[in-house]
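J.: Contents of query_3.cif (mmCIF, C-alpha atoms) are below:
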```
data_target
loop_
_atom_site.label_atom_id
_atom_site.label_comp_id
_atom_site.auth_asym_id
_atom_site.auth_seq_id
_atom_site.Cartn_x
_atom_site.Cartn_y
_atom_site.Cartn_z
CA LEU A 1 0.00 0.00 0.00
CA GLU A 2 2.84 2.39 0.78
CA GLU A 3 4.20 1.78 -2.73
CA TRP A 4 0.84 3.04 -4.04
CA GLY A 5 1.06 6.23 -1.98
CA PHE A 6 -0.91 5.17 1.09
CA GLU A 7 0.29 6.31 4.52
CA ILE A 8 0.10 3.90 7.45
CA ASN A 9 -1.75 5.36 10.41
CA PRO A 10 0.81 5.89 13.22
CA TYR A 11 -1.79 4.96 15.87
CA ASP A 12 -3.14 1.84 14.16
CA TRP A 13 -0.80 0.00 11.81
CA CYS A 14 -3.72 -1.88 10.27
CA VAL A 15 -5.09 1.31 8.72
CA ALA A 16 -3.75 3.10 5.64
CA ASN A 17 -5.02 6.33 4.08
CA LYS A 18 -4.51 8.20 0.83
CA GLN A 19 -6.13 11.26 -0.68
CA ILE A 20 -7.67 10.29 -4.03
CA LYS A 21 -9.80 12.69 -6.07
CA GLY A 22 -9.78 15.10 -3.13
CA LYS A 23 -11.28 12.57 -0.68
CA GLN A 24 -9.75 10.12 1.77
CA CYS A 25 -9.46 6.49 0.74
CA THR A 26 -9.03 4.17 3.72
CA VAL A 27 -7.90 0.56 3.75
CA VAL A 28 -8.36 -1.31 7.03
CA TRP A 29 -7.24 -4.90 7.42
CA HIS A 30 -7.27 -7.83 9.83
CA VAL A 31 -5.06 -10.77 8.84
CA ASP A 32 -6.11 -11.26 5.19
CA ASP A 33 -9.42 -9.37 5.21
CA LEU A 34 -9.64 -5.77 4.03
CA LYS A 35 -12.26 -3.05 4.17
CA ILE A 36 -11.77 -0.34 1.56
CA SER A 37 -13.78 2.87 1.69
CA HIS A 38 -14.01 5.99 -0.42
CA LYS A 39 -16.82 8.36 -1.36
CA ASP A 40 -16.43 7.30 -5.02
CA ALA A 41 -17.15 3.60 -5.63
CA ASP A 42 -14.94 3.69 -8.74
CA VAL A 43 -11.92 4.46 -6.53
CA VAL A 44 -12.68 1.34 -4.47
CA THR A 45 -12.91 -0.65 -7.71
CA ASP A 46 -9.50 0.70 -8.80
CA ILE A 47 -7.90 -0.28 -5.46
CA ILE A 48 -9.43 -3.75 -5.69
CA LYS A 49 -7.98 -4.10 -9.20
CA LEU A 50 -4.51 -3.13 -7.93
CA LEU A 51 -4.82 -5.73 -5.16
CA GLU A 52 -6.01 -8.39 -7.59
CA ASP A 53 -3.11 -7.71 -9.93
CA GLU A 54 -0.61 -7.86 -7.05
CA PHE A 55 -1.98 -10.72 -4.93
CA GLY A 56 -4.66 -12.63 -6.86
CA THR A 57 -3.91 -15.66 -8.99
CA GLU A 58 -5.96 -17.76 -11.38
CA GLU A 59 -5.89 -20.61 -8.86
CA ALA A 60 -6.63 -18.36 -5.90
CA PRO A 61 -8.46 -15.19 -6.95
CA LEU A 62 -9.30 -12.59 -4.32
CA THR A 63 -12.74 -12.85 -2.78
CA LYS A 64 -14.71 -9.61 -2.93
CA ARG A 65 -17.90 -8.54 -1.22
CA ARG A 66 -19.48 -5.17 -1.78
CA GLY A 67 -22.52 -3.59 -0.22
CA LYS A 68 -23.81 -2.05 2.96
CA ILE A 69 -24.15 -5.20 5.10
CA HIS A 70 -21.34 -7.68 5.79
CA ASP A 71 -21.04 -10.80 7.93
CA TYR A 72 -17.56 -10.90 9.47
CA LEU A 73 -16.14 -12.92 12.39
CA GLY A 74 -19.59 -13.58 13.85
CA MET A 75 -20.63 -9.94 13.50
CA VAL A 76 -23.09 -8.39 11.09
CA LEU A 77 -21.69 -4.99 10.15
CA ASP A 78 -24.44 -2.75 8.79
CA PHE A 79 -23.36 0.48 7.09
CA SER A 80 -26.82 1.26 5.63
CA LYS A 81 -27.37 4.39 7.76
CA PRO A 82 -25.14 7.28 6.63
CA GLY A 83 -22.43 8.12 9.16
CA LYS A 84 -23.15 5.07 11.32
CA VAL A 85 -22.24 1.42 11.60
CA MET A 86 -24.44 -1.01 13.48
CA VAL A 87 -22.90 -4.19 14.86
CA SER A 88 -25.13 -7.15 15.57
CA MET A 89 -24.20 -10.61 16.75
CA ILE A 90 -27.64 -12.25 17.03
CA ASP A 91 -26.64 -15.39 15.09
CA TYR A 92 -23.44 -15.69 17.17
CA ILE A 93 -25.53 -15.54 20.37
CA LYS A 94 -28.11 -18.03 19.09
CA LYS A 95 -25.38 -20.49 18.07
CA MET A 96 -23.62 -20.13 21.42
CA LEU A 97 -26.87 -20.71 23.34
CA ALA A 98 -27.71 -23.74 21.18
CA GLU A 99 -24.27 -25.28 21.89
CA ILE A 100 -24.12 -24.64 25.64
CA PRO A 101 -24.45 -27.79 27.78
CA ILE A 102 -27.95 -28.30 29.18
CA ASP A 103 -26.76 -28.12 32.81
CA MET A 104 -25.41 -24.61 32.19
CA GLU A 105 -28.69 -23.19 30.92
CA GLY A 106 -30.61 -20.64 32.93
CA GLU A 107 -32.16 -17.20 32.93
CA VAL A 108 -31.58 -14.00 34.88
CA ASN A 109 -33.18 -10.57 34.75
CA THR A 110 -29.85 -8.74 34.61
CA PRO A 111 -26.31 -9.63 33.55
CA ALA A 112 -25.06 -8.21 36.87
CA PRO A 113 -27.19 -9.53 39.78
CA LYS A 114 -26.38 -8.53 43.38
CA HIS A 115 -24.62 -11.83 44.08
CA LEU A 116 -22.38 -11.54 41.00
CA PHE A 117 -19.17 -10.90 42.94
CA GLU A 118 -19.85 -13.27 45.83
CA VAL A 119 -17.16 -15.94 45.91
CA ASN A 120 -16.73 -18.67 48.50
CA GLU A 121 -13.05 -18.09 49.30
CA VAL A 122 -13.18 -20.19 52.49
CA ASN A 123 -14.46 -23.42 50.98
CA PRO A 124 -14.32 -23.05 47.18
CA GLU A 125 -15.81 -25.66 44.88
CA PHE A 126 -13.52 -26.36 41.92
CA LEU A 127 -14.77 -27.51 38.55
CA ASP A 128 -13.64 -30.81 37.11
CA GLU A 129 -11.27 -30.51 34.13
CA GLU A 130 -13.94 -31.02 31.45
CA THR A 131 -16.35 -28.48 32.97
CA ALA A 132 -13.49 -26.02 33.52
CA GLU A 133 -12.62 -26.33 29.82
CA ILE A 134 -16.25 -25.63 28.84
CA PHE A 135 -16.39 -22.67 31.24
CA HIS A 136 -13.18 -21.25 29.76
CA HIS A 137 -14.49 -21.73 26.22
CA TYR A 138 -17.77 -19.90 26.84
CA THR A 139 -16.12 -17.17 28.89
CA ALA A 140 -13.84 -16.46 25.91
CA LYS A 141 -16.85 -16.39 23.57
CA LEU A 142 -18.66 -13.98 25.90
CA LEU A 143 -15.57 -11.77 26.09
CA PHE A 144 -15.48 -11.60 22.28
CA LEU A 145 -19.20 -10.76 22.25
CA CYS A 146 -19.07 -8.05 24.92
CA LYS A 147 -16.14 -6.24 23.31
CA ARG A 148 -17.92 -6.00 19.96
CA ALA A 149 -21.69 -5.83 20.32
CA ARG A 150 -22.85 -6.27 23.92
CA PRO A 151 -21.04 -3.82 26.22
CA ASP A 152 -23.92 -4.22 28.69
CA ILE A 153 -22.55 -7.62 29.77
CA GLN A 154 -18.95 -6.47 30.31
CA THR A 155 -19.19 -6.33 34.11
CA ALA A 156 -20.42 -9.92 34.36
CA VAL A 157 -17.97 -11.16 31.74
CA SER A 158 -15.02 -9.41 33.39
CA PHE A 159 -15.87 -11.23 36.61
CA LEU A 160 -16.11 -14.56 34.77
CA CYS A 161 -12.65 -13.88 33.32
CA THR A 162 -11.24 -13.67 36.86
CA ARG A 163 -12.57 -17.18 37.53
CA VAL A 164 -10.78 -18.80 34.55
CA LYS A 165 -7.61 -20.67 35.48
#
```
Go ahead and express the file in the form of structure tokens.
T.:
Amino acid sequence: LEEWGFEINPYDWCVANKQIKGKQCTVVWHVDDLKISHKDADVVTDIIKLLEDEFGTEEAPLTKRRGKIHDYLGMVLDFSKPGKVMVSMIDYIKKMLAEIPIDMEGEVNTPAPKHLFEVNEVNPEFLDEETAEIFHHYTAKLLFLCKRARPDIQTAVSFLCTRVK
């Protein structure tokens, strides 16, 4: 990207910007996924063409998705409202709830009930290895969820993180 005149953002090395046709073109990436934005869709097409010529092959062409709504890493990113992005993870939540072991199911009125931080330090009950592994797995999934689309559960999830060994 730098060879094409883009400047890497000094605060986030996974963001590059370039002024094209008087407007900012931004390329954001995570591993091998890119999001390219510019006011003029033809500029995005030109950048995609450059990337295809540089990195695409006949055997492994680049995958492209265009539009206002994208499914990415369990998130639905909706850019349909000007100046806003909406992040939803409903399918991620449904899948997680469908997979959770039956003995871990339950309901509460709030993600942070009064007893949330109560821990039996005197006579703690430890989980067996298999249950501890499941607990760790779902705590990690909840941490991913709360940092992207459900900040309302961060307090409860942060406490769960302290219980993972």
J.: Name the closest residue to Lys35 in chain A among the candidates A:Trp13, A:Ile102, A:Trp4, A:His70; distances are taken between atoms, counting all atoms listed in the file.
T.: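 For Lys35 in chain A, the nearest of the candidates is A:His70.
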J.: Pick out the residues sitting within 12 Å of range 98-101 of chain A, and hand them over as a PyMOL selection string; count only C-alpha atoms, and ignore anything fewer than 6 positions along from it in its own chain.
T.: chain A and resi 91-92+130-131+134-135+137-139+141-142
J.: Dig up all the protein and nucleic acid residues within 9 Å of (-20.5, -4.2, 14.8) in the file frame, using all atoms listed in the file, and format them as a PDB file with C-alpha atoms, in the frame of the given file.
T.:
```pdb
ATOM      1  CA  MET A  75     -20.630  -9.940  13.500  1.00  0.00           C
ATOM      2  CA  VAL A  76     -23.090  -8.390  11.090  1.00  0.00           C
ATOM      3  CA  LEU A  77     -21.690  -4.990  10.150  1.00  0.00           C
ATOM      4  CA  ASP A  78     -24.440  -2.750   8.790  1.00  0.00           C
ATOM      5  CA  VAL A  85     -22.240   1.420  11.600  1.00  0.00           C
ATOM      6  CA  MET A  86     -24.440  -1.010  13.480  1.00  0.00           C
ATOM      7  CA  VAL A  87     -22.900  -4.190  14.860  1.00  0.00           C
ATOM      8  CA  SER A  88     -25.130  -7.150  15.570  1.00  0.00           C
ATOM      9  CA  MET A  89     -24.200 -10.610  16.750  1.00  0.00           C
ATOM     10  CA  ARG A 148     -17.920  -6.000  19.960  1.00  0.00           C
ATOM     11  CA  ALA A 149     -21.690  -5.830  20.320  1.00  0.00           C
TER      12      ALA A 149
END
```
J.: From the set A:Leu1, A:Cys25, A:Val15, A:Ala156, which residue has the shortest atom-to-atom contact distance to Lys39 in chain A, counting all atoms listed in the file?
T.: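 Among the listed residues, A:Cys25 lies closest to Lys39 in chain A.
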J.: Can you measure CA of Lys81 in chain A to CA of Ile36 in chain A for me? One decimal in Å is fine.
T.: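 Separating CA of Lys81 in chain A from CA of Ile36 in chain A is a distance of 17.4 Å.
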J.: Could you work out how far CA of Glu52 in chain A lies from CA of Lys18 in chain A, giving the answer in Å with one decimal?
T.: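 Result for CA of Lys18 in chain A versus CA of Glu52 in chain A: 18.7 Å, one decimal.
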J.: Evaluating the PyMOL selection byres ((chain A and resi 14) around 8) on the displayed file yields which residues, as a count of residues only?
T.: 9
J.: Report, in Å to a single decimal, how far apart CA of Phe55 in chain A and CA of Lys23 in chain A are.
T.: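 Computed distance, CA of Lys23 in chain A to CA of Phe55 in chain A, equals 25.4 Å.
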J.: With all atoms listed in the file as the atoms that count, which of A:Val157, A:Met96, A:Ile48, A:Leu116 lies nearest to Gly74 in chain A?
T.: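 Of all the options, A:Met96 lies closest to Gly74 in chain A.
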J.: Using only C-alpha atoms, which protein or nucleic acid residues come within 10 Å of Thr63 in chain A? Drop anything in the same chain fewer than 3 positions from it, and give the result as a ChimeraX atom specification.
T.: /A:33,52,56,60
J.: Go ahead and write the selection's residues with C-alpha atoms as an mmCIF file, in the coordinates of the input.
T.:
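To be explicit, this is the file written out as selection-v3.cif:
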```cif
data_model
loop_
_atom_site.group_PDB
_atom_site.id
_atom_site.type_symbol
_atom_site.label_atom_id
_atom_site.label_comp_id
_atom_site.auth_asym_id
_atom_site.auth_seq_id
_atom_site.Cartn_x
_atom_site.Cartn_y
_atom_site.Cartn_z
ATOM 1 C CA ASP A 33 -9.420 -9.370 5.210
ATOM 2 C CA GLU A 52 -6.010 -8.390 -7.590
ATOM 3 C CA GLY A 56 -4.660 -12.630 -6.860
ATOM 4 C CA ALA A 60 -6.630 -18.360 -5.900
#
```
J.: From the set A:Lys147, A:Lys64, A:Lys95, A:Arg163, which residue has the shortest atom-to-atom contact distance to Glu125 in chain A, counting only C-alpha atoms?
T.: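 Of the candidates, the smallest distance to Glu125 in chain A is held by A:Arg163.
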J.: Please evaluate the PyMOL selection byres ((chain A and resi 112) around 8) against the structure above and give the resulting residues as a PyMOL selection string.
T.: chain A and resi 110-111+113-114+116+153+155-156
J.: Check the smallest atom-to-atom distance from each of A:Ile93, A:Arg66, A:Asn120, A:Gly106 to Cys146 in chain A using all atoms listed in the file, then report the winner.
T.: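 Closest to Cys146 in chain A, using all atoms listed in the file: A:Ile93.
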J.: Please check which residues have atoms at most 10 Å from (-18.5, 3.6, 1.7) in the file's coordinates, counting only C-alpha atoms, and write them as a ChimeraX atom specification.
T.: /A:25-26,35-41,44,66-68,79-80,82-83
J.: When distances are computed from all atoms listed in the file, which of A:Phe159, A:Gly22, A:Glu3, A:Ile47 shows the smallest separation from His115 in chain A?
T.: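 Closest to His115 in chain A, using all atoms listed in the file: A:Phe159.
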